[in-house]
Amino acid sequence: MIIEEYDVKNLDCASCSAKIETEIGKLPEVNNAHLDFINKRLIVQYNDKVEMPLERLNAIAGKIEPGVLLTPSGSNESDKEAKPWFVVIAVLILCVSMFIGGKASVAFGFLAYAIASHRIIRTAFKELISRQLFAEHFLMTIATFGALYLGEYTEATAVMILFEAGQYLEGKAINRSRGMVKAMLSLKPEYAHLKVTSEVKEVKLSEVKKGASILVYAGERIPLDGVVTKGESTVDTSSLSGEAEPVLVIPGSHVYAGFMNGNAVLEMEVSSNEAESMISRILTLIENASAKKSITEKFITRFARYYTPAVVGAAVLVYLIPLLLGFPGAVWFKRALVFLIVSCPCALVISIPLSYYIGIGLAAKRGIIFKGSTYLDVLRKVHALVFDKTGTLTTGELRVSRLLTAEGIRNEELSGVLYTCEYTSSHPFAKAIKTSYSGEFNPADLQAYSEYPGKGVLLQYKNDRLIAGSEAFLRSFGFISFANAGNQSAVHAVKNDIYLGCITFDDEVKPRFKESLTLLRHYGVKHISMLSGDRQQKAEQVANELGLDSFYAGLLPEQKLEKLEEIIARTDGKVAYCGDGLNDAPVLARADVGIAMGKIGSQASIESADVVLLNDRPEQLVSAFLISHKINRLVWQNICIALGVKVLVMSTGLAGISGLWEAIIADVGVTLLVIFHSLRIMNNPGTSIHK
């Protein structure tokens, strides 16, 4: 499978972009195609390598929308932005024609029409040649020709003037929305201060290699991921995580591209190149999110294919039926022209993806990464929310609380065996043990090692047979007597078939999680459950503290998947699973929406889930649900506005109340209205969970 990306130039028609996407997707060598009208980008997934595909792609695009040009991504070929100065001239001539009489008025009116419409008519002629009879420019030309035939020079010219002005303003509005979202996400500087021996050079990020030493001055954004080697400062992580509280960094601290350095110079060693940096991966996810379309977007795309032919057909009937019944043809011909002008579905085709695009950008500003509008849409339909425990509901920062030794066993012997057993593991229990204790471990002395996920480890180290794991794991080896760990999580240890004791851990529930779960119930979540590999008593304690509806304890990774299947089977609605993204990949993938509460820097979180919460706090989960609901309301408001105004104008046009002026406003004006209505949420997002 080969994926190629192209820039799209001179594409002004949102409805045409959907047609181009569909036609390219039908090519035998193409597996999938996505044309992002807002960002003017085409992504094509080929089945195999294709020689010189641009010629075929441009032929398809040019046939549907004459003048469209596809170029390789990143090419320097600029998009033509022709400012319609001729419209001003047409307006002046039209005004003159309205103040003079006789044949001169007709001549000036026709001249104004010719100036205002020359570009549209030229495009319409190309559409006629390529047999695009339902294309916007062609239908607009037919409608205004009809108005000229009826002697309505002023209305015909005004329609063309308003259409051209509307197209220009529409492009400006879309560019503004794109610019506002990109400004929210402009987190990466273009240059880095590279330290070379005794001097510092300013170089492009692409020239900085892993292991290089760079300086970050106070007030600058950190350009690349790395580790601080000199200096102490505070960094603002809000651009990535949405968390405003400054974070202290010292030598040894990991920092990521996009962080804002505070009040001191930092020297750091680069750990990733530009393409691999955390912010680059996040921005790539956001840019590609439009490819995963929501159900509403897919429906509107299909609806648009039938809307225009249906309205054009209605226009023909509006003229023919009264004519056959003996009514005046000129009257009903003019009313039919109203239908032709409002037959373009651009207001719908633009506003829906734009609304989702803005929603994804707003979420990213708050440290919430949606990997597609489909997940932004599905989240509001979630009725059951299932959580992992450790690292999700609880802090995951386990601390050793007690050493419980068997009779005659010293604390040092127990901690030493546990350190050896857990040395190569990345499990939270292992990390806590290695943080609390130290010991010696020589890989050459490790003769055999077996790890049983969710259970424990068995190894032969030097001449000793060591076992560490859960109580159930040790029972499988015949041990029946254990130290009493109460309701705390514990790891038990055995050396040469002698039980040594256990070590217990504390893990606290994250602050404000209970309040966040209460708020989530207001957003349609009816059942909240927990799947945990921890022991029954500890899981029950957490479930009672948070007021969960149900919980399941002592589960192995594959058993979590089985329990999730049971929850999905009995839930009326969508099911979301929220985990830390480290060991829950199968469950995250199976849920309707997989949500990873992974801190910045967790590659597993970013790769495995549909939604990523970068600051790892419960408030972000509530914000994700809130944004999902607000964007859904915005989408349906835009649909109602666009269709409502068009239906109203068609109805009043049928009754003879609305004319061509109102029709062009219902077409271009409504498109602008829904665009600015979508932009409004960026200025007043209202996504605080306290509102």
# chains A, B, ... in the order shown; residues from 1 in each chain; ligands from 1
>>> residues_around(residues="A:Val96", least_positions_apart="6", cutoff="9 Å", atoms="only C-alpha atoms", output="list in words")
Ser105, Phe108 and Gly109 of chain A
>>> select_by_dssp(residues="stretch 116-218 of chain A", states="alpha helix (DSSP H)", output="PyMOL selection string")
chain A and resi 116-129+136-149+153-184
>>> select_by_dssp(residues="stretch 180-353 of chain A", states="strand (DSSP E or B)", output="MDAnalysis selection string")
chainID A and resid 191:196 199:204 213:216 221 226:230 233:236 247:249 254:255 260:261 266:270
>>> write_last_selection(atoms="N, CA and C atoms", output="mmCIF file, in the first residue's frame")
data_model
loop_
_atom_site.group_PDB
_atom_site.id
_atom_site.type_symbol
_atom_site.label_atom_id
_atom_site.label_comp_id
_atom_site.auth_asym_id
_atom_site.auth_seq_id
_atom_site.Cartn_x
_atom_site.Cartn_y
_atom_site.Cartn_z
ATOM 1 N N TYR A 191 13.497 27.356 13.842
ATOM 2 C CA TYR A 191 14.947 27.250 13.994
ATOM 3 C C TYR A 191 15.312 26.802 15.409
ATOM 4 N N ALA A 192 16.528 26.279 15.537
ATOM 5 C CA ALA A 192 17.075 25.892 16.836
ATOM 6 C C ALA A 192 18.460 26.506 16.984
ATOM 7 N N HIS A 193 18.862 26.753 18.244
ATOM 8 C CA HIS A 193 20.194 27.300 18.522
ATOM 9 C C HIS A 193 21.123 26.113 18.778
ATOM 10 N N LEU A 194 21.839 25.709 17.745
ATOM 11 C CA LEU A 194 22.708 24.530 17.815
ATOM 12 C C LEU A 194 24.062 24.910 18.385
ATOM 13 N N LYS A 195 24.487 24.164 19.419
ATOM 14 C CA LYS A 195 25.773 24.424 20.050
ATOM 15 C C LYS A 195 26.844 23.587 19.361
ATOM 16 N N VAL A 196 27.809 24.271 18.731
ATOM 17 C CA VAL A 196 28.902 23.611 18.017
ATOM 18 C C VAL A 196 30.213 24.087 18.635
ATOM 19 N N GLU A 199 30.795 27.835 19.836
ATOM 20 C CA GLU A 199 29.860 28.814 19.275
ATOM 21 C C GLU A 199 28.464 28.228 19.129
ATOM 22 N N VAL A 200 27.488 29.130 18.950
ATOM 23 C CA VAL A 200 26.088 28.733 18.796
ATOM 24 C C VAL A 200 25.603 29.208 17.437
ATOM 25 N N LYS A 201 25.043 28.285 16.645
ATOM 26 C CA LYS A 201 24.535 28.614 15.321
ATOM 27 C C LYS A 201 23.024 28.447 15.283
ATOM 28 N N GLU A 202 22.364 29.319 14.539
ATOM 29 C CA GLU A 202 20.918 29.180 14.339
ATOM 30 C C GLU A 202 20.695 28.372 13.064
ATOM 31 N N VAL A 203 20.104 27.194 13.200
ATOM 32 C CA VAL A 203 19.924 26.298 12.053
ATOM 33 C C VAL A 203 18.477 25.843 11.979
ATOM 34 N N LYS A 204 18.056 25.372 10.810
ATOM 35 C CA LYS A 204 16.722 24.815 10.637
ATOM 36 C C LYS A 204 16.605 23.510 11.410
ATOM 37 N N SER A 213 23.481 19.080 20.833
ATOM 38 C CA SER A 213 23.232 19.946 21.985
ATOM 39 C C SER A 213 22.684 21.284 21.492
ATOM 40 N N ILE A 214 21.544 21.706 22.021
ATOM 41 C CA ILE A 214 20.942 22.983 21.622
ATOM 42 C C ILE A 214 20.649 23.825 22.859
ATOM 43 N N LEU A 215 20.552 25.128 22.644
ATOM 44 C CA LEU A 215 20.189 26.068 23.711
ATOM 45 C C LEU A 215 18.777 26.573 23.469
ATOM 46 N N VAL A 216 18.031 26.735 24.550
ATOM 47 C CA VAL A 216 16.694 27.328 24.482
ATOM 48 C C VAL A 216 16.684 28.510 25.437
ATOM 49 N N ARG A 221 10.038 28.862 22.563
ATOM 50 C CA ARG A 221 9.477 27.511 22.562
ATOM 51 C C ARG A 221 10.590 26.499 22.344
ATOM 52 N N GLY A 226 13.810 16.384 23.934
ATOM 53 C CA GLY A 226 15.141 16.130 24.447
ATOM 54 C C GLY A 226 15.186 16.053 25.955
ATOM 55 N N VAL A 227 16.404 15.993 26.479
ATOM 56 C CA VAL A 227 16.654 15.912 27.919
ATOM 57 C C VAL A 227 17.505 17.102 28.331
ATOM 58 N N VAL A 228 17.082 17.781 29.395
ATOM 59 C CA VAL A 228 17.827 18.937 29.889
ATOM 60 C C VAL A 228 19.174 18.468 30.447
ATOM 61 N N THR A 229 20.261 19.121 30.007
ATOM 62 C CA THR A 229 21.600 18.775 30.507
ATOM 63 C C THR A 229 22.168 19.864 31.416
ATOM 64 N N LYS A 230 21.766 21.124 31.185
ATOM 65 C CA LYS A 230 22.217 22.223 32.040
ATOM 66 C C LYS A 230 21.085 23.231 32.217
ATOM 67 N N SER A 233 14.674 25.716 34.989
ATOM 68 C CA SER A 233 13.675 26.696 34.562
ATOM 69 C C SER A 233 12.288 26.096 34.763
ATOM 70 N N THR A 234 11.285 26.908 34.551
ATOM 71 C CA THR A 234 9.913 26.405 34.503
ATOM 72 C C THR A 234 9.457 26.439 33.050
ATOM 73 N N VAL A 235 8.657 25.452 32.658
ATOM 74 C CA VAL A 235 8.138 25.421 31.288
ATOM 75 C C VAL A 235 6.620 25.409 31.321
ATOM 76 N N ASP A 236 6.048 26.089 30.347
ATOM 77 C CA ASP A 236 4.598 26.120 30.173
ATOM 78 C C ASP A 236 4.227 25.024 29.178
ATOM 79 N N VAL A 247 5.737 23.892 34.990
ATOM 80 C CA VAL A 247 6.408 22.683 35.451
ATOM 81 C C VAL A 247 7.899 22.971 35.581
ATOM 82 N N LEU A 248 8.478 22.622 36.721
ATOM 83 C CA LEU A 248 9.904 22.817 36.945
ATOM 84 C C LEU A 248 10.700 21.736 36.218
ATOM 85 N N VAL A 249 11.719 22.157 35.463
ATOM 86 C CA VAL A 249 12.606 21.195 34.805
ATOM 87 C C VAL A 249 14.031 21.447 35.271
ATOM 88 N N HIS A 254 12.859 15.342 31.043
ATOM 89 C CA HIS A 254 12.473 15.225 29.634
ATOM 90 C C HIS A 254 11.581 16.417 29.271
ATOM 91 N N VAL A 255 11.869 17.046 28.152
ATOM 92 C CA VAL A 255 11.045 18.153 27.658
ATOM 93 C C VAL A 255 10.686 17.869 26.202
ATOM 94 N N MET A 260 6.891 25.991 26.272
ATOM 95 C CA MET A 260 7.429 27.350 26.326
ATOM 96 C C MET A 260 8.373 27.469 27.518
ATOM 97 N N ASN A 261 9.625 27.813 27.232
ATOM 98 C CA ASN A 261 10.608 27.969 28.302
ATOM 99 C C ASN A 261 10.331 29.256 29.068
ATOM 100 N N LEU A 266 18.164 27.079 28.956
ATOM 101 C CA LEU A 266 18.297 25.635 29.112
ATOM 102 C C LEU A 266 19.208 25.094 28.024
ATOM 103 N N GLU A 267 20.086 24.190 28.414
ATOM 104 C CA GLU A 267 20.848 23.434 27.432
ATOM 105 C C GLU A 267 20.294 22.016 27.448
ATOM 106 N N MET A 268 20.064 21.455 26.266
ATOM 107 C CA MET A 268 19.438 20.137 26.213
ATOM 108 C C MET A 268 20.055 19.288 25.110
ATOM 109 N N GLU A 269 19.978 17.980 25.321
ATOM 110 C CA GLU A 269 20.419 17.023 24.319
ATOM 111 C C GLU A 269 19.201 16.531 23.548
ATOM 112 N N VAL A 270 19.235 16.653 22.234
ATOM 113 C CA VAL A 270 18.097 16.302 21.383
ATOM 114 C C VAL A 270 17.923 14.784 21.337
#
>>> closest_residue(among="A:Gln541, A:Ile121, A:Phe259, A:Pro511", to="A:Glu220", atoms="only C-alpha atoms")
A:Phe259
>>> closest_residue(among="A:Cys502, A:Met530, A:Leu546, A:Gly367", to="A:Arg617", atoms="only C-alpha atoms")
A:Gly367
>>> residues_around(residues="stretch 313-330 of chain A", least_positions_apart="4", cutoff="8 Å", atoms="only C-alpha atoms", output="list of chain:residue names")
A:Leu150, A:Pro309, A:Lys334, A:Arg335, A:Ala336, A:Leu337, A:Val338, A:Phe339, A:Leu340, A:Leu654
>>> write_last_selection(atoms="all heavy atoms", output="PDB file, in the first residue's frame")
ATOM      1  N   LEU A 150     -36.039  37.348 -20.060  1.00  0.00           N
ATOM      2  CA  LEU A 150     -37.247  38.017 -19.570  1.00  0.00           C
ATOM      3  C   LEU A 150     -37.066  39.533 -19.452  1.00  0.00           C
ATOM      4  O   LEU A 150     -37.981  40.232 -19.025  1.00  0.00           O
ATOM      5  CB  LEU A 150     -37.637  37.456 -18.198  1.00  0.00           C
ATOM      6  CG  LEU A 150     -38.034  35.968 -18.172  1.00  0.00           C
ATOM      7  CD1 LEU A 150     -38.255  35.514 -16.738  1.00  0.00           C
ATOM      8  CD2 LEU A 150     -39.287  35.725 -19.011  1.00  0.00           C
ATOM      9  N   PRO A 309     -29.634  17.520  -8.526  1.00  0.00           N
ATOM     10  CA  PRO A 309     -30.546  17.019  -9.566  1.00  0.00           C
ATOM     11  C   PRO A 309     -32.009  17.116  -9.170  1.00  0.00           C
ATOM     12  O   PRO A 309     -32.869  17.409 -10.013  1.00  0.00           O
ATOM     13  CB  PRO A 309     -30.121  15.557  -9.740  1.00  0.00           C
ATOM     14  CG  PRO A 309     -28.706  15.508  -9.272  1.00  0.00           C
ATOM     15  CD  PRO A 309     -28.623  16.500  -8.164  1.00  0.00           C
ATOM     16  N   LYS A 334     -39.770  32.510 -14.525  1.00  0.00           N
ATOM     17  CA  LYS A 334     -38.960  33.275 -13.584  1.00  0.00           C
ATOM     18  C   LYS A 334     -38.931  32.602 -12.219  1.00  0.00           C
ATOM     19  O   LYS A 334     -37.891  32.556 -11.551  1.00  0.00           O
ATOM     20  CB  LYS A 334     -39.504  34.699 -13.459  1.00  0.00           C
ATOM     21  CG  LYS A 334     -38.639  35.590 -12.564  1.00  0.00           C
ATOM     22  CD  LYS A 334     -39.158  37.010 -12.505  1.00  0.00           C
ATOM     23  CE  LYS A 334     -38.269  37.874 -11.615  1.00  0.00           C
ATOM     24  NZ  LYS A 334     -38.761  39.263 -11.539  1.00  0.00           N
ATOM     25  N   ARG A 335     -40.070  32.047 -11.822  1.00  0.00           N
ATOM     26  CA  ARG A 335     -40.102  31.355 -10.521  1.00  0.00           C
ATOM     27  C   ARG A 335     -39.240  30.083 -10.542  1.00  0.00           C
ATOM     28  O   ARG A 335     -38.632  29.717  -9.534  1.00  0.00           O
ATOM     29  CB  ARG A 335     -41.548  31.021 -10.147  1.00  0.00           C
ATOM     30  CG  ARG A 335     -42.389  32.267  -9.902  1.00  0.00           C
ATOM     31  CD  ARG A 335     -43.827  31.940  -9.551  1.00  0.00           C
ATOM     32  NE  ARG A 335     -44.617  33.157  -9.431  1.00  0.00           N
ATOM     33  CZ  ARG A 335     -45.907  33.196  -9.093  1.00  0.00           C
ATOM     34  NH1 ARG A 335     -46.548  32.054  -8.845  1.00  0.00           N
ATOM     35  NH2 ARG A 335     -46.527  34.341  -9.012  1.00  0.00           N
ATOM     36  N   ALA A 336     -39.193  29.439 -11.697  1.00  0.00           N
ATOM     37  CA  ALA A 336     -38.359  28.234 -11.823  1.00  0.00           C
ATOM     38  C   ALA A 336     -36.874  28.579 -11.714  1.00  0.00           C
ATOM     39  O   ALA A 336     -36.075  27.773 -11.220  1.00  0.00           O
ATOM     40  CB  ALA A 336     -38.638  27.542 -13.154  1.00  0.00           C
ATOM     41  N   LEU A 337     -36.516  29.809 -12.174  1.00  0.00           N
ATOM     42  CA  LEU A 337     -35.112  30.216 -12.096  1.00  0.00           C
ATOM     43  C   LEU A 337     -34.621  30.308 -10.650  1.00  0.00           C
ATOM     44  O   LEU A 337     -33.432  30.096 -10.371  1.00  0.00           O
ATOM     45  CB  LEU A 337     -34.917  31.569 -12.794  1.00  0.00           C
ATOM     46  CG  LEU A 337     -35.231  31.608 -14.299  1.00  0.00           C
ATOM     47  CD1 LEU A 337     -34.977  33.010 -14.848  1.00  0.00           C
ATOM     48  CD2 LEU A 337     -34.401  30.580 -15.060  1.00  0.00           C
ATOM     49  N   VAL A 338     -35.532  30.628  -9.750  1.00  0.00           N
ATOM     50  CA  VAL A 338     -35.177  30.685  -8.318  1.00  0.00           C
ATOM     51  C   VAL A 338     -34.642  29.331  -7.861  1.00  0.00           C
ATOM     52  O   VAL A 338     -33.658  29.234  -7.123  1.00  0.00           O
ATOM     53  CB  VAL A 338     -36.398  31.110  -7.472  1.00  0.00           C
ATOM     54  CG1 VAL A 338     -36.092  30.980  -5.981  1.00  0.00           C
ATOM     55  CG2 VAL A 338     -36.805  32.543  -7.810  1.00  0.00           C
ATOM     56  N   PHE A 339     -35.286  28.246  -8.303  1.00  0.00           N
ATOM     57  CA  PHE A 339     -34.870  26.893  -7.928  1.00  0.00           C
ATOM     58  C   PHE A 339     -33.469  26.583  -8.457  1.00  0.00           C
ATOM     59  O   PHE A 339     -32.672  25.935  -7.781  1.00  0.00           O
ATOM     60  CB  PHE A 339     -35.870  25.868  -8.455  1.00  0.00           C
ATOM     61  CG  PHE A 339     -37.120  25.760  -7.631  1.00  0.00           C
ATOM     62  CD1 PHE A 339     -38.036  26.797  -7.593  1.00  0.00           C
ATOM     63  CD2 PHE A 339     -37.376  24.625  -6.888  1.00  0.00           C
ATOM     64  CE1 PHE A 339     -39.189  26.707  -6.845  1.00  0.00           C
ATOM     65  CE2 PHE A 339     -38.523  24.525  -6.131  1.00  0.00           C
ATOM     66  CZ  PHE A 339     -39.440  25.568  -6.104  1.00  0.00           C
ATOM     67  N   LEU A 340     -33.181  27.034  -9.680  1.00  0.00           N
ATOM     68  CA  LEU A 340     -31.859  26.768 -10.249  1.00  0.00           C
ATOM     69  C   LEU A 340     -30.749  27.408  -9.414  1.00  0.00           C
ATOM     70  O   LEU A 340     -29.690  26.811  -9.195  1.00  0.00           O
ATOM     71  CB  LEU A 340     -31.775  27.295 -11.685  1.00  0.00           C
ATOM     72  CG  LEU A 340     -32.530  26.523 -12.768  1.00  0.00           C
ATOM     73  CD1 LEU A 340     -32.262  27.148 -14.125  1.00  0.00           C
ATOM     74  CD2 LEU A 340     -32.128  25.053 -12.770  1.00  0.00           C
ATOM     75  N   LEU A 654     -41.892  29.982  -5.181  1.00  0.00           N
ATOM     76  CA  LEU A 654     -43.019  29.300  -5.815  1.00  0.00           C
ATOM     77  C   LEU A 654     -44.289  30.150  -5.710  1.00  0.00           C
ATOM     78  O   LEU A 654     -45.131  30.161  -6.621  1.00  0.00           O
ATOM     79  CB  LEU A 654     -43.239  27.940  -5.152  1.00  0.00           C
ATOM     80  CG  LEU A 654     -44.183  26.961  -5.835  1.00  0.00           C
ATOM     81  CD1 LEU A 654     -43.651  26.565  -7.205  1.00  0.00           C
ATOM     82  CD2 LEU A 654     -44.378  25.717  -4.968  1.00  0.00           C
TER      83      LEU A 654
END
>>> residues_around(residues="A:Ala406", least_positions_apart="4", cutoff="12 Å", atoms="only C-alpha atoms", output="list in words")
Arg410, Asn411, Glu413, Leu414, Ser481, Phe482, Ala483, Asn484, His492, Ala493, Val494, Ile498, Tyr499, Leu500, Gly501, Cys502 and Ile503 of chain A
>>> atom_distance(atom1="atom CA of A:Cys344", atom2="atom CA of A:Ile161")
16.9 Å
>>> closest_residue(among="A:Met682, A:Ser529, A:Glu471, A:Ser17", to="A:Ala304", atoms="only C-alpha atoms")
A:Ser17
>>> residues_around(residues="A:Ile568", least_positions_apart="5", cutoff="12 Å", atoms="only C-alpha atoms", output="PDB file with C-alpha atoms, in the first residue's frame")
ATOM      1  CA  VAL A 382     -21.545   6.902  24.585  1.00  0.00           C
ATOM      2  CA  HIS A 383     -23.862   5.340  27.185  1.00  0.00           C
ATOM      3  CA  ALA A 384     -21.321   3.078  28.912  1.00  0.00           C
ATOM      4  CA  LEU A 385     -17.880   4.225  29.999  1.00  0.00           C
ATOM      5  CA  VAL A 386     -15.395   1.551  31.073  1.00  0.00           C
ATOM      6  CA  HIS A 527     -23.222   3.127  33.227  1.00  0.00           C
ATOM      7  CA  SER A 529     -17.607   0.361  35.089  1.00  0.00           C
ATOM      8  CA  LEU A 561     -11.538  -8.049  26.458  1.00  0.00           C
ATOM      9  CA  GLU A 562     -14.127 -10.720  27.321  1.00  0.00           C
ATOM     10  CA  LYS A 563     -15.734  -8.493  29.977  1.00  0.00           C
ATOM     11  CA  GLY A 573     -25.620   2.850  22.840  1.00  0.00           C
ATOM     12  CA  LYS A 574     -21.909   3.249  22.290  1.00  0.00           C
ATOM     13  CA  VAL A 575     -19.239   2.005  24.697  1.00  0.00           C
ATOM     14  CA  ALA A 576     -15.993   3.851  25.398  1.00  0.00           C
ATOM     15  CA  TYR A 577     -12.967   2.339  27.102  1.00  0.00           C
ATOM     16  CA  VAL A 587      -9.521  -3.338  24.661  1.00  0.00           C
ATOM     17  CA  ARG A 590     -12.469  -3.132  20.486  1.00  0.00           C
ATOM     18  CA  ALA A 591     -14.429  -0.310  22.127  1.00  0.00           C
ATOM     19  CA  ASP A 592     -16.490   2.065  19.969  1.00  0.00           C
ATOM     20  CA  VAL A 593     -14.175   4.808  21.237  1.00  0.00           C
TER      21      VAL A 593
END
>>> residues_around(residues="stretch 48-51 of chain A", least_positions_apart="6", cutoff="10 Å", atoms="only C-alpha atoms", output="list of chain:residue names")
A:Met1, A:Ile2, A:Ile3, A:Glu29, A:Val30, A:Asn31
>>> closest_atom_pairs(of="stretch 346-407 of chain A", to="stretch 8-14 of chain A", cutoff="7 Å", atoms="only C-alpha atoms", output="JSON lines")
{"residue": "A:Cys346", "atom": "CA", "partner": "A:Ala14", "partner_atom": "CA", "distance": 5.5}
{"residue": "A:Val349", "atom": "CA", "partner": "A:Ala14", "partner_atom": "CA", "distance": 5.9}
{"residue": "A:Ile350", "atom": "CA", "partner": "A:Ala14", "partner_atom": "CA", "distance": 5.8}
>>> residues_around(residues="A:Ala663", least_positions_apart="2", cutoff="9 Å", atoms="only C-alpha atoms", output="list in words")
Val159, Leu337, Val338, Phe339, Leu340, Ile341, Val342, Lys646, Val649, Met650, Gly653, Ser658, Gly659, Leu660, Trp661, Ile665, Ala666, Asp667 and Val668 of chain A
>>> closest_residue(among="A:Asn487, A:Thr71, A:Ser198, A:Thr296", to="A:Asn58", atoms="only C-alpha atoms")
A:Thr71
